[in-house]
Amino acid sequence: MPLILTDEQTMLKDAADGFLSEHAPIAHLRELRDTRDADGVSRDLWRAFGEMGFAGVVIPEAHGGMGLGAVEAGVIAESLGRTLTPSPFLGTAVLGARTLAAGSEDQQAEWLPRMAAGQAIVSLAVDEGAKHRPDRIATTAERHGNGFKLNGAKAMVLDGHVADALIVAAKTPEGTTLFLVDPKTAGVGIERTVMVDAHNAARVTLTNAEVDADAVIGPVGGGDAILDGVLTLGRGCVASSLVGAGDQAFQITLDYLRTRKQFGKLIGEFQALQHRAAHLFSELEIARAATLAALQAVDAGREDAPLIAAVAKAKAGRVAELAVQEGVQMHGGVGMTDEFDIGLFMKRVRVLNELLGDAGLHQDRMARAQGF
Amino acid sequence: MSELDDFRAETRTWLETNCPPECRGPAEEDAAIWGGRNAVFKTPAHRLWLDRMAARGWTAPEWPVEYGGGGLSREQAKVLASELRRIKAQPALNSFGVWMLGPALLAFGTEAQKQRFLPEIVRGEIRWCQGYSEPGAGSDLAAVQTRAEDKGDHWIVNGQKIWTSYADKADWIFCLVRTDTDAPKHLGISFVLFDMATPGVTTRPITLISGKSPFCETFFDDVRVEKENLVGTLNRGWDVAKHLLAHERTMIGAMGEIGAGRPVGQVAADHIGLDEAGRLDDPMLRARIAELEIDAAAFRLAMERVGDQVKAKQAHPAIASMLKYYGSELNKRRHELLMAAGGVEALEWEGERSRNGTPARDWLRTKANSIEGGTSEVQLNIIAKHLLQLPGA
């Protein structure tokens, strides 16, 4: 498989870029933020995502989706990275949808069509502490009556405050188990966390929250195997958003280098800045290649897909971090102002870097894979 | 898809049968196969490996069959490369002819030149060297002063080249010479080929900080060069030179990845050991190596992607500068870490245990990577100008 987009994938990219720049440019993020919107995310825009087919990109056609793959999901995630749009796409259309694909026929039939239509938001609750550590889940699920009783606290639950359903990862004696939980269940507490980038997540507390046995997604104790695939796809898509955000920050900075004058010269004429820009260009090309390769590996069902996704997430994260640092620095004083967009990219990249594991976590995976 | 699967299966079977065991696993430097009139083979198996691969054209897998190449598609060539990697096959031929001159001849050569030179390159019969840099023309390559004087049916060449890789072992040279001293510097250069055995050619190896002498000074004293050996248009040799440089840069960029022996982390584990959890017993070094390996894996994918873009005609010609810049800096980093991984054990300069100081000598050799073929700074200039269109670049 060549490491370039097919014609169809390029058309999807053009459609996503076009749609977002028209309906959800950075001004949309600013409006939600500055009006202190209660949800911090637009349900209307989510429905429009459904109409465009974006919300159902990886959902099978039988359940109302487009039945496309990881590369296509990554294409949309990259566009979202460029416009910084708050959207349930990553939480619901990628993580939620791929997790539910492991669920029962009833679970799929109940949720997937509404998710594909942009009518339902389903959030995956895995993280607990300051860091993404899916192998150290402390939330418990005890057998209770016909079902289970959940106890624990979750953090960084994407769009958890507006979710129609939560997917909670908890420990049972058999291992990690995934539960589909109604947020209105007694004992479920949800607190919206307004983040630095004006995107949304929630803290979720579970205090003797009771669910039926049919709330289990996949086999009891089978959560890790499901999560492995889901998180691999998610990391590929977050890497795509990082590439999108990093590259857009770079493009904005290049425009500035071509127009800003100091000492009677365009600042882009200074070799000190040219070399830094050229270095950043190289890094972005390399991050882009790794990200596309990871998404293709997921679609091909390759055994090394989790490792390539780790490479992509680590690399795209570090490169996007460099892009926003250089972006703010090369903008000088105006880079520090809220009026200029470059600072918004810096904030978004910080959040994306923590999401689904930072570069260090993924480097550790690489080291273990190579036996050191 | 299934045709490609068939190709993979056939290739695998053929390689299993035909790649001698001596030619698998990490290659010692003295085992590298360079071919040429005075070819040196470490064992008879190495000669056999070259001959078998050359007979299939697989020393130049994507070149047309009519010139001795393998005639493979890009996808088939990727399969061949991955199957070679799978059995850890050593390269059947290291060749500036395959890596640099051949692509330039395919793009600019006459039919007669292609038929004459390409098949012998594929078979490893003629070893080529590159006459580009001069004492006064390093980063500023277009300042070459070596002169070719027009004598009707031939030229007489006088001048000096430097950093000519393996000039003392090469059979022929592809060389930049000035054929018009009045024209602006990029426009008076021609690209010519001649035999290093021609009277008037002398070479003198240069001892480097590694203690080795891969590069030479090369002197031309009234050297006769036939006009039929002009490649491309007279005085437009810069176009050929740039085309070739793109291939050279891609090659240098790829050097670290292709030549990489054991992974750095394993080398470090050999010297330093692992802790109870199976992690390198030096957490700081472990993190640095892991970061390198992430970059290296991503860079390999970027090389693959650029290759795919070239094939799909979506690549910018200057993208080779990105691969050259990144790959050479990465390789320097790799060898810094290999030295740290070896610790004091990597400091030996002589003796059996260190194979005559191989780690230290290899480390020092990589410092040239970001200088040869255009410095990193020149590559960044090219990226700023041609890929980013920055003002005044």
# chains A, B, ... in the order shown; residues from 1 in each chain; ligands from 1

call {"tool": "closest_atom_pairs", "arguments": {"of": "chain A", "to": "chain B", "cutoff": "6 Å", "atoms": "only C-alpha atoms", "output": "tab-separated table"}}
result
residue	atom	partner	partner_atom	distance
A:Pro2	CA	B:Asp308	CA	5.6
A:Leu3	CA	B:Arg305	CA	4.9
A:Gly268	CA	B:Leu390	CA	5.8
A:Glu269	CA	B:Gly392	CA	5.2
A:Gln274	CA	B:Ala384	CA	5.7
A:His275	CA	B:Leu380	CA	5.5
A:Ala278	CA	B:Ala384	CA	5.4
A:Ser282	CA	B:Met322	CA	5.7
A:Ile286	CA	B:Ala302	CA	5.1
A:Ala289	CA	B:Ala302	CA	4.9
A:Ala290	CA	B:Ala298	CA	5.0
A:Val311	CA	B:Ile294	CA	5.4
A:Gln363	CA	B:Ala290	CA	5.4
A:Ala367	CA	B:Ala290	CA	5.4
A:Phe372	CA	B:Arg279	CA	4.9

call {"tool": "write_last_selection", "arguments": {"atoms": "N, CA and C atoms", "output": "mmCIF file, in the first residue's frame"}}
result
data_model
loop_
_atom_site.group_PDB
_atom_site.id
_atom_site.type_symbol
_atom_site.label_atom_id
_atom_site.label_comp_id
_atom_site.auth_asym_id
_atom_site.auth_seq_id
_atom_site.Cartn_x
_atom_site.Cartn_y
_atom_site.Cartn_z
ATOM 1 N N PRO A 2 0.805 2.064 -1.052
ATOM 2 C CA PRO A 2 1.629 3.284 -1.053
ATOM 3 C C PRO A 2 1.254 4.196 0.116
ATOM 4 N N LEU A 3 2.251 4.876 0.672
ATOM 5 C CA LEU A 3 2.007 5.767 1.811
ATOM 6 C C LEU A 3 1.548 7.141 1.333
ATOM 7 N N GLY A 268 11.385 36.619 7.478
ATOM 8 C CA GLY A 268 11.656 35.346 6.805
ATOM 9 C C GLY A 268 12.927 35.369 5.982
ATOM 10 N N GLU A 269 13.537 36.561 5.811
ATOM 11 C CA GLU A 269 14.807 36.636 5.095
ATOM 12 C C GLU A 269 15.981 36.240 5.991
ATOM 13 N N GLN A 274 15.019 30.944 8.874
ATOM 14 C CA GLN A 274 14.824 30.020 7.742
ATOM 15 C C GLN A 274 15.224 28.593 8.127
ATOM 16 N N HIS A 275 16.340 28.463 8.800
ATOM 17 C CA HIS A 275 16.810 27.122 9.139
ATOM 18 C C HIS A 275 15.890 26.448 10.145
ATOM 19 N N ALA A 278 12.898 25.352 8.204
ATOM 20 C CA ALA A 278 13.194 24.195 7.356
ATOM 21 C C ALA A 278 13.312 22.920 8.197
ATOM 22 N N SER A 282 10.821 19.527 7.973
ATOM 23 C CA SER A 282 11.286 18.139 7.890
ATOM 24 C C SER A 282 10.613 17.280 8.949
ATOM 25 N N ILE A 286 7.988 13.932 8.470
ATOM 26 C CA ILE A 286 8.275 12.625 9.062
ATOM 27 C C ILE A 286 7.122 12.192 9.969
ATOM 28 N N ALA A 289 4.266 10.954 7.738
ATOM 29 C CA ALA A 289 4.490 9.614 7.189
ATOM 30 C C ALA A 289 4.184 8.554 8.245
ATOM 31 N N ALA A 290 4.668 8.768 9.466
ATOM 32 C CA ALA A 290 4.449 7.774 10.523
ATOM 33 C C ALA A 290 2.957 7.652 10.838
ATOM 34 N N VAL A 311 4.661 4.861 17.630
ATOM 35 C CA VAL A 311 5.646 5.712 16.941
ATOM 36 C C VAL A 311 4.967 7.007 16.486
ATOM 37 N N GLN A 363 7.308 5.926 23.848
ATOM 38 C CA GLN A 363 8.724 5.579 23.702
ATOM 39 C C GLN A 363 9.057 4.356 24.546
ATOM 40 N N ALA A 367 10.829 0.848 23.441
ATOM 41 C CA ALA A 367 11.974 0.238 24.116
ATOM 42 C C ALA A 367 11.663 -1.210 24.493
ATOM 43 N N PHE A 372 14.739 -3.696 25.348
ATOM 44 C CA PHE A 372 15.573 -2.980 26.321
ATOM 45 C C PHE A 372 14.680 -2.097 27.146
#

call {"tool": "residues_around", "arguments": {"residues": "Phe340 of chain A", "least_positions_apart": "6", "cutoff": "12 Å", "atoms": "only C-alpha atoms", "output": "PyMOL selection string"}}
result
chain A and resi 26-27+30+249+252-253+256+327-328+331-334+346

call {"tool": "select_by_dssp", "arguments": {"residues": "segment 198-335 of chain A", "states": "strand (DSSP E or B)", "output": "MDAnalysis selection string"}}
result
chainID A and resid 200:212 216:217 261:262 265:266

call {"tool": "residues_around", "arguments": {"residues": "Trp363 of chain B", "least_positions_apart": "4", "cutoff": "7 Å", "atoms": "only C-alpha atoms", "output": "ChimeraX atom specification"}}
result
/B:335-336,359

call {"tool": "atom_distance", "arguments": {"atom1": "atom CA of Val40 of chain B", "atom2": "atom CA of Lys169 of chain B"}}
result
10.4 Å

call {"tool": "select_by_dssp", "arguments": {"residues": "segment 207-368 of chain A", "states": "helix (DSSP H, G or I)", "output": "PyMOL selection string"}}
result
chain A and resi 213-215+223-259+267-269+271-299+305-336+342-354+359-368

call {"tool": "residues_around", "arguments": {"residues": "Thr218 of chain B", "least_positions_apart": "4", "cutoff": "8 Å", "atoms": "only C-alpha atoms", "output": "ChimeraX atom specification"}}
result
/B:160-162,164,167,201-204

call {"tool": "residues_around", "arguments": {"residues": "Glu28 of chain B", "least_positions_apart": "3", "cutoff": "12 Å", "atoms": "only C-alpha atoms", "output": "list in words"}}
result
Glu22, Cys23, Arg24, Gly25, Ala31, Ala32, Ile33, Lys42, Gln90, Pro91, Gly259, Ala260, Gly261, Arg355, Asn356, Thr358, Pro359 and Asp362 of chain B

call {"tool": "atom_distance", "arguments": {"atom1": "atom CA of Val168 of chain A", "atom2": "atom CA of Ile121 of chain A"}}
result
14.2 Å

call {"tool": "closest_residue", "arguments": {"among": "A:His362, A:Lys313, A:Arg276, A:Lys184", "to": "Arg235 of chain A", "atoms": "only C-alpha atoms"}}
result
A:Lys313

call {"tool": "closest_residue", "arguments": {"among": "B:Lys114, B:Arg262, B:His243, B:Arg127", "to": "Trp172 of chain B", "atoms": "only C-alpha atoms"}}
result
B:Arg127

call {"tool": "residues_around", "arguments": {"residues": "His199 of chain A", "least_positions_apart": "5", "cutoff": "9 Å", "atoms": "only C-alpha atoms", "output": "ChimeraX atom specification"}}
result
/A:29,33,40-41,84-87,158-159,193-194,348,351

call {"tool": "write_last_selection", "arguments": {"atoms": "N, CA and C atoms", "output": "tab-separated table (two decimals), in the first residue's frame"}}
result
chain	number	residue	atom	x	y	z
A	29	LEU	N	-14.75	27.99	17.71
A	29	LEU	CA	-14.17	27.68	19.02
A	29	LEU	C	-14.19	28.92	19.92
A	33	ARG	N	-16.20	29.45	23.49
A	33	ARG	CA	-15.41	29.81	24.66
A	33	ARG	C	-15.86	31.14	25.25
A	40	GLY	N	-20.08	23.73	25.74
A	40	GLY	CA	-18.75	23.89	25.16
A	40	GLY	C	-18.57	23.16	23.86
A	41	VAL	N	-19.66	22.62	23.35
A	41	VAL	CA	-19.62	21.88	22.09
A	41	VAL	C	-21.00	22.02	21.46
A	84	LEU	N	-9.19	23.37	15.02
A	84	LEU	CA	-9.31	23.33	16.49
A	84	LEU	C	-10.74	23.15	16.96
A	85	THR	N	-11.57	22.58	16.10
A	85	THR	CA	-13.00	22.50	16.38
A	85	THR	C	-13.31	21.57	17.55
A	86	PRO	N	-14.03	22.06	18.58
A	86	PRO	CA	-14.52	21.14	19.61
A	86	PRO	C	-15.57	20.24	18.98
A	87	SER	N	-15.39	18.94	19.09
A	87	SER	CA	-16.32	18.01	18.44
A	87	SER	C	-16.26	16.68	19.15
A	158	LEU	N	-13.76	12.27	27.46
A	158	LEU	CA	-14.06	13.26	26.42
A	158	LEU	C	-15.56	13.46	26.29
A	159	ASP	N	-16.02	14.70	26.36
A	159	ASP	CA	-17.43	15.08	26.23
A	159	ASP	C	-18.32	14.35	27.25
A	193	THR	N	-15.07	19.36	32.91
A	193	THR	CA	-13.78	20.03	33.09
A	193	THR	C	-13.54	20.89	31.86
A	194	VAL	N	-13.56	22.21	32.08
A	194	VAL	CA	-13.21	23.13	30.99
A	194	VAL	C	-11.69	23.14	30.92
A	348	ARG	N	-4.08	23.56	22.32
A	348	ARG	CA	-4.68	22.32	21.82
A	348	ARG	C	-3.64	21.20	21.78
A	351	VAL	N	-3.05	19.53	25.10
A	351	VAL	CA	-4.09	18.56	25.47
A	351	VAL	C	-3.94	17.27	24.65

call {"tool": "residues_around", "arguments": {"residues": "Val122 of chain B", "least_positions_apart": "3", "cutoff": "10 Å", "atoms": "only C-alpha atoms", "output": "list in words"}}
result
Gly35, Leu50, Asp51, Met53, Ala54, Ala55, Arg56, Gly57, Trp58, Thr59, Ala60, Pro61, Trp63, Tyr67, Gly68, Gly69, Gly70, Leu93, Ser95, Gly97, Val98, Gly102, Phe117, Leu118, Pro119, Glu125 and Ile126 of chain B

call {"tool": "atom_distance", "arguments": {"atom1": "atom CA of Asp224 of chain A", "atom2": "atom CA of Lys171 of chain A"}}
result
10.2 Å

call {"tool": "closest_residue", "arguments": {"among": "A:Ala287, A:Ala109, A:Ala116, A:Ala202", "to": "Ala320 of chain A", "atoms": "only C-alpha atoms"}}
result
A:Ala287
